[in-house]
Amino acid sequence: MRIVRVLALLLLAATLASCVTADPRLVSALKKTSVSQIRVETAPDITMGGFFDRTKPDPQLPAVVRTLQSTMARELTGLPGGPVKGRLIVTLHRVDVSSKAGRVIAGNDSYIQGTVRLEDAKTGQLIAEAQSIRGEDKGVRGDGEIGIVIAMAINAAQSQGEDALAQRLSNSFTRNVKTWLTQK
């Protein structure tokens, strides 16, 4: 009986520790701004995906940057809705975009990760910063002969279109930035 109580207390403590509330100063600063400009850039020391050489530029990087820029402009302009015009600067630090073959055959995952800064568009003063925002798209993996074939078919269908993977990564990243911008 005593062990049950201790376990219940540990579970309660873990649950309470996982409850994270936003800093009221950050929420206040974010609510005073409204995104009017968005810039997406890559860090000089960006880490790329790839099996052997992680510094070699990924041929899909320009499509990811272009797609992220347009998706963010469409989804985030005007948020959170305050009177101060803000500039959102996204600096990508890690980009791992699977090749079409890797995606279809192996179900490779893809992700982008970066820093997001919100600054006053007029003065350039930093308002808020998120150190590690991530957007990801997980490949489907199968188990067994039939499962592998089905997973390959799903991955192939999802890989249709020139920038399909870049768009899914962009949607995921933008959704996470939106959550950060509109926190309560």
# chains A, B, ... in the order shown; residues from 1 in each chain; ligands from 1

call {"tool": "residues_around", "arguments": {"residues": "His93 of chain A", "least_positions_apart": "4", "cutoff": "6 Å", "atoms": "only C-alpha atoms", "output": "ChimeraX atom specification"}}
result
/A:43,46,113-114

call {"tool": "write_last_selection", "arguments": {"atoms": "all heavy atoms", "output": "PDB file, in the first residue's frame"}}
result
ATOM      1  N   ALA A  43      21.874  29.661 -41.582  1.00  0.00           N
ATOM      2  CA  ALA A  43      23.061  29.987 -40.792  1.00  0.00           C
ATOM      3  C   ALA A  43      24.311  29.645 -41.605  1.00  0.00           C
ATOM      4  O   ALA A  43      24.294  28.711 -42.413  1.00  0.00           O
ATOM      5  CB  ALA A  43      23.047  29.201 -39.483  1.00  0.00           C
ATOM      6  N   ILE A  46      25.314  25.988 -41.184  1.00  0.00           N
ATOM      7  CA  ILE A  46      24.144  25.106 -41.250  1.00  0.00           C
ATOM      8  C   ILE A  46      24.590  23.646 -41.387  1.00  0.00           C
ATOM      9  O   ILE A  46      25.541  23.334 -42.086  1.00  0.00           O
ATOM     10  CB  ILE A  46      23.221  25.503 -42.423  1.00  0.00           C
ATOM     11  CG1 ILE A  46      21.915  24.699 -42.386  1.00  0.00           C
ATOM     12  CG2 ILE A  46      23.929  25.374 -43.741  1.00  0.00           C
ATOM     13  CD1 ILE A  46      20.855  25.236 -43.324  1.00  0.00           C
ATOM     14  N   GLN A 113      15.147  22.788 -38.599  1.00  0.00           N
ATOM     15  CA  GLN A 113      15.191  23.332 -37.250  1.00  0.00           C
ATOM     16  C   GLN A 113      15.917  24.663 -37.291  1.00  0.00           C
ATOM     17  O   GLN A 113      16.915  24.811 -38.000  1.00  0.00           O
ATOM     18  CB  GLN A 113      15.921  22.357 -36.331  1.00  0.00           C
ATOM     19  CG  GLN A 113      15.938  22.767 -34.895  1.00  0.00           C
ATOM     20  CD  GLN A 113      16.549  21.673 -34.022  1.00  0.00           C
ATOM     21  OE1 GLN A 113      16.570  20.510 -34.389  1.00  0.00           O
ATOM     22  NE2 GLN A 113      17.039  22.072 -32.878  1.00  0.00           N
ATOM     23  N   GLY A 114      15.410  25.614 -36.525  1.00  0.00           N
ATOM     24  CA  GLY A 114      16.049  26.915 -36.530  1.00  0.00           C
ATOM     25  C   GLY A 114      15.617  27.810 -35.391  1.00  0.00           C
ATOM     26  O   GLY A 114      14.799  27.439 -34.553  1.00  0.00           O
TER      27      GLY A 114
END

call {"tool": "residues_around", "arguments": {"residues": "Asp45 of chain A", "least_positions_apart": "2", "cutoff": "10 Å", "atoms": "only C-alpha atoms", "output": "PDB file with all heavy atoms, in the first residue's frame"}}
result
ATOM      1  N   THR A  42      19.613  31.064 -43.919  1.00  0.00           N
ATOM      2  CA  THR A  42      20.312  29.886 -43.411  1.00  0.00           C
ATOM      3  C   THR A  42      21.556  30.356 -42.668  1.00  0.00           C
ATOM      4  O   THR A  42      22.204  31.320 -43.068  1.00  0.00           O
ATOM      5  CB  THR A  42      20.716  28.927 -44.545  1.00  0.00           C
ATOM      6  OG1 THR A  42      21.529  29.624 -45.476  1.00  0.00           O
ATOM      7  CG2 THR A  42      19.494  28.363 -45.232  1.00  0.00           C
ATOM      8  N   ALA A  43      21.874  29.661 -41.582  1.00  0.00           N
ATOM      9  CA  ALA A  43      23.061  29.987 -40.792  1.00  0.00           C
ATOM     10  C   ALA A  43      24.311  29.645 -41.605  1.00  0.00           C
ATOM     11  O   ALA A  43      24.294  28.711 -42.413  1.00  0.00           O
ATOM     12  CB  ALA A  43      23.047  29.201 -39.483  1.00  0.00           C
ATOM     13  N   THR A  47      23.900  22.781 -40.668  1.00  0.00           N
ATOM     14  CA  THR A  47      24.137  21.346 -40.758  1.00  0.00           C
ATOM     15  C   THR A  47      23.096  20.764 -41.696  1.00  0.00           C
ATOM     16  O   THR A  47      21.907  20.944 -41.491  1.00  0.00           O
ATOM     17  CB  THR A  47      24.009  20.679 -39.372  1.00  0.00           C
ATOM     18  OG1 THR A  47      24.929  21.299 -38.480  1.00  0.00           O
ATOM     19  CG2 THR A  47      24.301  19.203 -39.450  1.00  0.00           C
ATOM     20  N   MET A  48      23.591  20.086 -42.711  1.00  0.00           N
ATOM     21  CA  MET A  48      22.694  19.509 -43.708  1.00  0.00           C
ATOM     22  C   MET A  48      22.545  18.022 -43.447  1.00  0.00           C
ATOM     23  O   MET A  48      23.380  17.408 -42.805  1.00  0.00           O
ATOM     24  CB  MET A  48      23.273  19.710 -45.106  1.00  0.00           C
ATOM     25  CG  MET A  48      23.591  21.149 -45.437  1.00  0.00           C
ATOM     26  SD  MET A  48      22.144  22.158 -45.486  1.00  0.00           S
ATOM     27  CE  MET A  48      21.752  22.013 -47.176  1.00  0.00           C
ATOM     28  N   THR A  55      28.065  18.862 -44.659  1.00  0.00           N
ATOM     29  CA  THR A  55      28.300  20.269 -44.986  1.00  0.00           C
ATOM     30  C   THR A  55      27.977  20.555 -46.448  1.00  0.00           C
ATOM     31  O   THR A  55      27.895  21.707 -46.843  1.00  0.00           O
ATOM     32  CB  THR A  55      29.765  20.653 -44.712  1.00  0.00           C
ATOM     33  OG1 THR A  55      30.624  19.804 -45.504  1.00  0.00           O
ATOM     34  CG2 THR A  55      30.092  20.498 -43.240  1.00  0.00           C
ATOM     35  N   LEU A  92      17.637  29.108 -40.256  1.00  0.00           N
ATOM     36  CA  LEU A  92      17.673  27.648 -40.246  1.00  0.00           C
ATOM     37  C   LEU A  92      19.087  27.189 -39.889  1.00  0.00           C
ATOM     38  O   LEU A  92      20.064  27.625 -40.505  1.00  0.00           O
ATOM     39  CB  LEU A  92      17.261  27.087 -41.599  1.00  0.00           C
ATOM     40  CG  LEU A  92      15.815  27.343 -42.017  1.00  0.00           C
ATOM     41  CD1 LEU A  92      15.558  26.815 -43.421  1.00  0.00           C
ATOM     42  CD2 LEU A  92      14.848  26.745 -41.029  1.00  0.00           C
ATOM     43  N   HIS A  93      19.181  26.305 -38.889  1.00  0.00           N
ATOM     44  CA  HIS A  93      20.465  25.772 -38.448  1.00  0.00           C
ATOM     45  C   HIS A  93      20.667  24.324 -38.875  1.00  0.00           C
ATOM     46  O   HIS A  93      21.798  23.890 -39.035  1.00  0.00           O
ATOM     47  CB  HIS A  93      20.583  25.865 -36.924  1.00  0.00           C
ATOM     48  CG  HIS A  93      20.589  27.267 -36.434  1.00  0.00           C
ATOM     49  ND1 HIS A  93      21.705  28.056 -36.464  1.00  0.00           N
ATOM     50  CD2 HIS A  93      19.599  28.037 -35.914  1.00  0.00           C
ATOM     51  CE1 HIS A  93      21.426  29.254 -35.974  1.00  0.00           C
ATOM     52  NE2 HIS A  93      20.150  29.267 -35.648  1.00  0.00           N
ATOM     53  N   ARG A  94      19.579  23.591 -39.020  1.00  0.00           N
ATOM     54  CA  ARG A  94      19.659  22.192 -39.428  1.00  0.00           C
ATOM     55  C   ARG A  94      18.587  21.917 -40.470  1.00  0.00           C
ATOM     56  O   ARG A  94      17.429  22.255 -40.270  1.00  0.00           O
ATOM     57  CB  ARG A  94      19.453  21.263 -38.243  1.00  0.00           C
ATOM     58  CG  ARG A  94      20.585  21.343 -37.271  1.00  0.00           C
ATOM     59  CD  ARG A  94      20.496  20.265 -36.258  1.00  0.00           C
ATOM     60  NE  ARG A  94      21.725  20.315 -35.484  1.00  0.00           N
ATOM     61  CZ  ARG A  94      21.880  19.740 -34.332  1.00  0.00           C
ATOM     62  NH1 ARG A  94      20.900  19.065 -33.797  1.00  0.00           N
ATOM     63  NH2 ARG A  94      23.019  19.826 -33.692  1.00  0.00           N
TER      64      ARG A  94
END

call {"tool": "residues_around", "arguments": {"residues": "Ala130 of chain A", "least_positions_apart": "2", "cutoff": "8 Å", "atoms": "only C-alpha atoms", "output": "list in words"}}
result
Thr115, Val116, Arg117, Ala128, Ser132, Ile133 and Trp180 of chain A

call {"tool": "atom_distance", "arguments": {"atom1": "atom CA of Gly81 of chain A", "atom2": "atom CA of Leu30 of chain A"}}
result
8.9 Å

call {"tool": "closest_residue", "arguments": {"among": "A:Gly124, A:Ile89, A:Thr71, A:Leu181", "to": "Arg168 of chain A", "atoms": "only C-alpha atoms"}}
result
A:Thr71
